[in-house]
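One structure is given below, encoded as structure tokens.
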Amino acid sequence: MIIKTVSPHDDPLGDQLLAVQKAAYAVEAELIGDDRIPPLHESLAELRARDLLWLAAFDGDAGPAGAIAWAESSDELDIDRLVVAPSMARRGIGRALVEAVLARAGGRRVVVSTGRDNVPARRLYEGLGFTLLGETEVIPKLWIAGYALVS
């Protein structure tokens with residue numbers, strides 16, 4: 001597996017990232033019993049409009065097996081999304097992508113949120129040492145769990 005910096009502005013990579021994102025968030029929607037996850041409904045133009053840094057994992061010549069995007073400031077990295085193609089799940093891709101972002105943190109705090117009922121994602125973050133900050137109802141009946149890690 002190769003992890004490298006990518007951009008959703010590149011063609012055809014933008015379409016490929018969007019396809020992986022939609023497939024991954026469809027799985028999360030099933031896990032949490034709610035499909036109101038904003039990235040699940042994002043268009044390519046909306047994806048490209050986000051001011052995010054991206055890494056993608058590639059396994060062979062196929063498109064991305066997974067990707068992670070984040071925003072950063074001088075004191076914090078905010079993981080905005082972590083997506084893995086459902087056919088590539090449970091192979092360590094998500095963990096490798098998060099670890100790659102953590103390696104870039106340079107002592108800064110890293111924050112992330114996921115669906116409260118997304119047990120696999122919660123296990124991943126907790127296994128990497130993230131601490132639960134709390135659970136928030138972001139819109140009626142849609143709950144997220146927020147995490148932080150100081151590297």
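Naming scheme: A, B, ... for chains in displayed order of the structure tokens; residues 1 onward per chain; ligands 1 onward as shown.
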
Original post:
What lies within 8 Å of region 127-139 of chain A using only C-alpha atoms, ignoring chain neighbours under 6 positions off, as a list of chain:residue names?
Top reply: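 Contacts, in chain order: A:Arg116, A:Ala145, A:Gly146, A:Tyr147, A:Ala148, A:Leu149.
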
Write out the residues from the selection above, keeping C-alpha atoms, as a PDB file, in the first residue's frame.
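Output below, filename result-v7.pdb:
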ATOM      1  CA  ARG A 116     -21.755   8.003  17.968  1.00  0.00           C
ATOM      2  CA  ALA A 145     -18.645  11.473  19.242  1.00  0.00           C
ATOM      3  CA  GLY A 146     -15.752  13.923  19.395  1.00  0.00           C
ATOM      4  CA  TYR A 147     -12.185  12.844  20.131  1.00  0.00           C
ATOM      5  CA  ALA A 148      -8.829  14.537  20.705  1.00  0.00           C
ATOM      6  CA  LEU A 149      -5.226  13.427  20.837  1.00  0.00           C
TER       7      LEU A 149
END

Subject >> Pick from A:Ser113, A:Arg123, A:Gly14, A:Ala89 nearest to Leu47 (chain A), counting only C-alpha atoms >> reply: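 Of the candidates, the smallest distance to Leu47 (chain A) is held by A:Gly14.
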
**OP:** May I have all residues of region 20-126 of chain A that DSSP, computed from the backbone, assigns to alpha helix (DSSP H), given as a ChimeraX atom specification?
**Re:** /A:20-32,44-49,93-104,119-126

Could you save those same residues with C-alpha atoms as a PDB file, in the first residue's frame?
ATOM      1  CA  VAL A  20     -15.014   6.099  -2.189  1.00  0.00           C
ATOM      2  CA  GLN A  21     -16.410   8.785   0.124  1.00  0.00           C
ATOM      3  CA  LYS A  22     -20.027   8.054  -0.821  1.00  0.00           C
ATOM      4  CA  ALA A  23     -19.542   4.286  -0.470  1.00  0.00           C
ATOM      5  CA  ALA A  24     -17.827   4.634   2.907  1.00  0.00           C
ATOM      6  CA  TYR A  25     -20.423   7.047   4.296  1.00  0.00           C
ATOM      7  CA  ALA A  26     -23.218   4.765   3.047  1.00  0.00           C
ATOM      8  CA  VAL A  27     -21.738   2.068   5.300  1.00  0.00           C
ATOM      9  CA  GLU A  28     -21.586   4.515   8.212  1.00  0.00           C
ATOM     10  CA  ALA A  29     -25.197   5.549   7.547  1.00  0.00           C
ATOM     11  CA  GLU A  30     -26.211   1.904   7.943  1.00  0.00           C
ATOM     12  CA  LEU A  31     -24.173   1.564  11.136  1.00  0.00           C
ATOM     13  CA  ILE A  32     -25.689   4.629  12.769  1.00  0.00           C
ATOM     14  CA  LEU A  44     -17.798  16.863  -6.675  1.00  0.00           C
ATOM     15  CA  ALA A  45     -17.966  20.662  -6.778  1.00  0.00           C
ATOM     16  CA  GLU A  46     -18.731  20.779  -3.039  1.00  0.00           C
ATOM     17  CA  LEU A  47     -15.921  18.333  -2.305  1.00  0.00           C
ATOM     18  CA  ARG A  48     -13.488  20.455  -4.305  1.00  0.00           C
ATOM     19  CA  ALA A  49     -14.669  23.658  -2.601  1.00  0.00           C
ATOM     20  CA  ILE A  93      -5.989   1.268   5.586  1.00  0.00           C
ATOM     21  CA  GLY A  94      -7.910   3.609   7.884  1.00  0.00           C
ATOM     22  CA  ARG A  95      -5.364   3.157  10.649  1.00  0.00           C
ATOM     23  CA  ALA A  96      -2.457   3.798   8.270  1.00  0.00           C
ATOM     24  CA  LEU A  97      -4.094   6.990   6.995  1.00  0.00           C
ATOM     25  CA  VAL A  98      -4.745   8.318  10.507  1.00  0.00           C
ATOM     26  CA  GLU A  99      -1.180   7.450  11.524  1.00  0.00           C
ATOM     27  CA  ALA A 100       0.117   9.354   8.485  1.00  0.00           C
ATOM     28  CA  VAL A 101      -1.783  12.456   9.606  1.00  0.00           C
ATOM     29  CA  LEU A 102      -0.611  12.008  13.202  1.00  0.00           C
ATOM     30  CA  ALA A 103       2.973  11.936  11.922  1.00  0.00           C
ATOM     31  CA  ARG A 104       2.367  15.415  10.478  1.00  0.00           C
ATOM     32  CA  VAL A 119     -18.278   1.342  16.616  1.00  0.00           C
ATOM     33  CA  PRO A 120     -15.471   0.447  14.160  1.00  0.00           C
ATOM     34  CA  ALA A 121     -14.398   4.098  13.830  1.00  0.00           C
ATOM     35  CA  ARG A 122     -14.589   4.647  17.575  1.00  0.00           C
ATOM     36  CA  ARG A 123     -12.426   1.569  18.189  1.00  0.00           C
ATOM     37  CA  LEU A 124      -9.895   2.853  15.669  1.00  0.00           C
ATOM     38  CA  TYR A 125      -9.548   6.273  17.309  1.00  0.00           C
ATOM     39  CA  GLU A 126      -9.536   4.897  20.849  1.00  0.00           C
TER      40      GLU A 126
END

**OP:** Rank nothing, just name the residue among A:Gly63, A:Arg81, A:Arg91, A:Arg50 nearest to Asp11 (chain A), using only C-alpha atoms.
**Re:**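 The answer is A:Gly63, which sits nearest to Asp11 (chain A).
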
**OP:** Choose the residue, out of A:Ala69, A:Val83, A:Val110, A:Leu18, that has the smallest atom-to-atom separation from Leu55 (chain A); count only C-alpha atoms.
**Re:** A:Ala69

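Interatomic distance, CA of Pro86 (chain A) against CA of Pro39 (chain A): 15.8 Å.
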
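For the atom pair formed by CA of Asp35 (chain A) and CA of Gly115 (chain A), the distance is 10.9 Å, given to one decimal.
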
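Secondary structure from DSSP on the backbone puts strand (DSSP E) at the following positions of region 9-90 of chain A: Leu53, Trp54, Leu55, Ala56, Ala57, Phe58, Pro64, Ala65, Gly66, Ala67, Ile68, Ala69, Trp70, Ala71, Glu72, Glu76, Leu77, Asp78, Ile79, Asp80, Arg81, Leu82, Val83 and Val84 of chain A.
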
Original post:
Which neighbours of region 70-80 of chain A fall inside 6 Å, counting only C-alpha atoms, when residues of the same chain fewer than 2 positions from it are skipped, and could you give them as a VMD selection string?
Top reply: chain A and resid 52 to 53 108 to 112

Using N, CA, C and O atoms, can you export the residues from the last selection as a short mmCIF file (atom, residue, chain, number, x, y, z; two decimals), in the first residue's frame?
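The resulting selection_9.cif:
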data_model
loop_
_atom_site.label_atom_id
_atom_site.label_comp_id
_atom_site.auth_asym_id
_atom_site.auth_seq_id
_atom_site.Cartn_x
_atom_site.Cartn_y
_atom_site.Cartn_z
N LEU A 52 -9.22 21.63 2.31
CA LEU A 52 -8.69 20.51 3.06
C LEU A 52 -7.41 19.99 2.43
O LEU A 52 -7.21 20.11 1.22
N LEU A 53 -6.58 19.38 3.25
CA LEU A 53 -5.40 18.66 2.79
C LEU A 53 -5.78 17.19 2.69
O LEU A 53 -6.57 16.70 3.52
N ARG A 108 1.05 19.05 17.74
CA ARG A 108 -0.25 19.73 17.79
C ARG A 108 -1.35 18.76 18.18
O ARG A 108 -1.26 17.57 17.92
N ARG A 109 -2.38 19.29 18.74
CA ARG A 109 -3.58 18.51 19.08
C ARG A 109 -4.26 18.08 17.78
O ARG A 109 -4.32 18.83 16.80
N VAL A 110 -4.79 16.86 17.78
CA VAL A 110 -5.53 16.33 16.64
C VAL A 110 -6.94 16.02 17.12
O VAL A 110 -7.12 15.36 18.15
N VAL A 111 -7.93 16.52 16.40
CA VAL A 111 -9.33 16.26 16.76
C VAL A 111 -10.02 15.56 15.61
O VAL A 111 -9.64 15.71 14.44
N VAL A 112 -11.05 14.81 15.96
CA VAL A 112 -11.84 14.08 14.96
C VAL A 112 -13.21 13.80 15.57
O VAL A 112 -13.35 13.75 16.79
#

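CA of Trp54 (chain A) lies 8.0 Å from CA of Pro8 (chain A).
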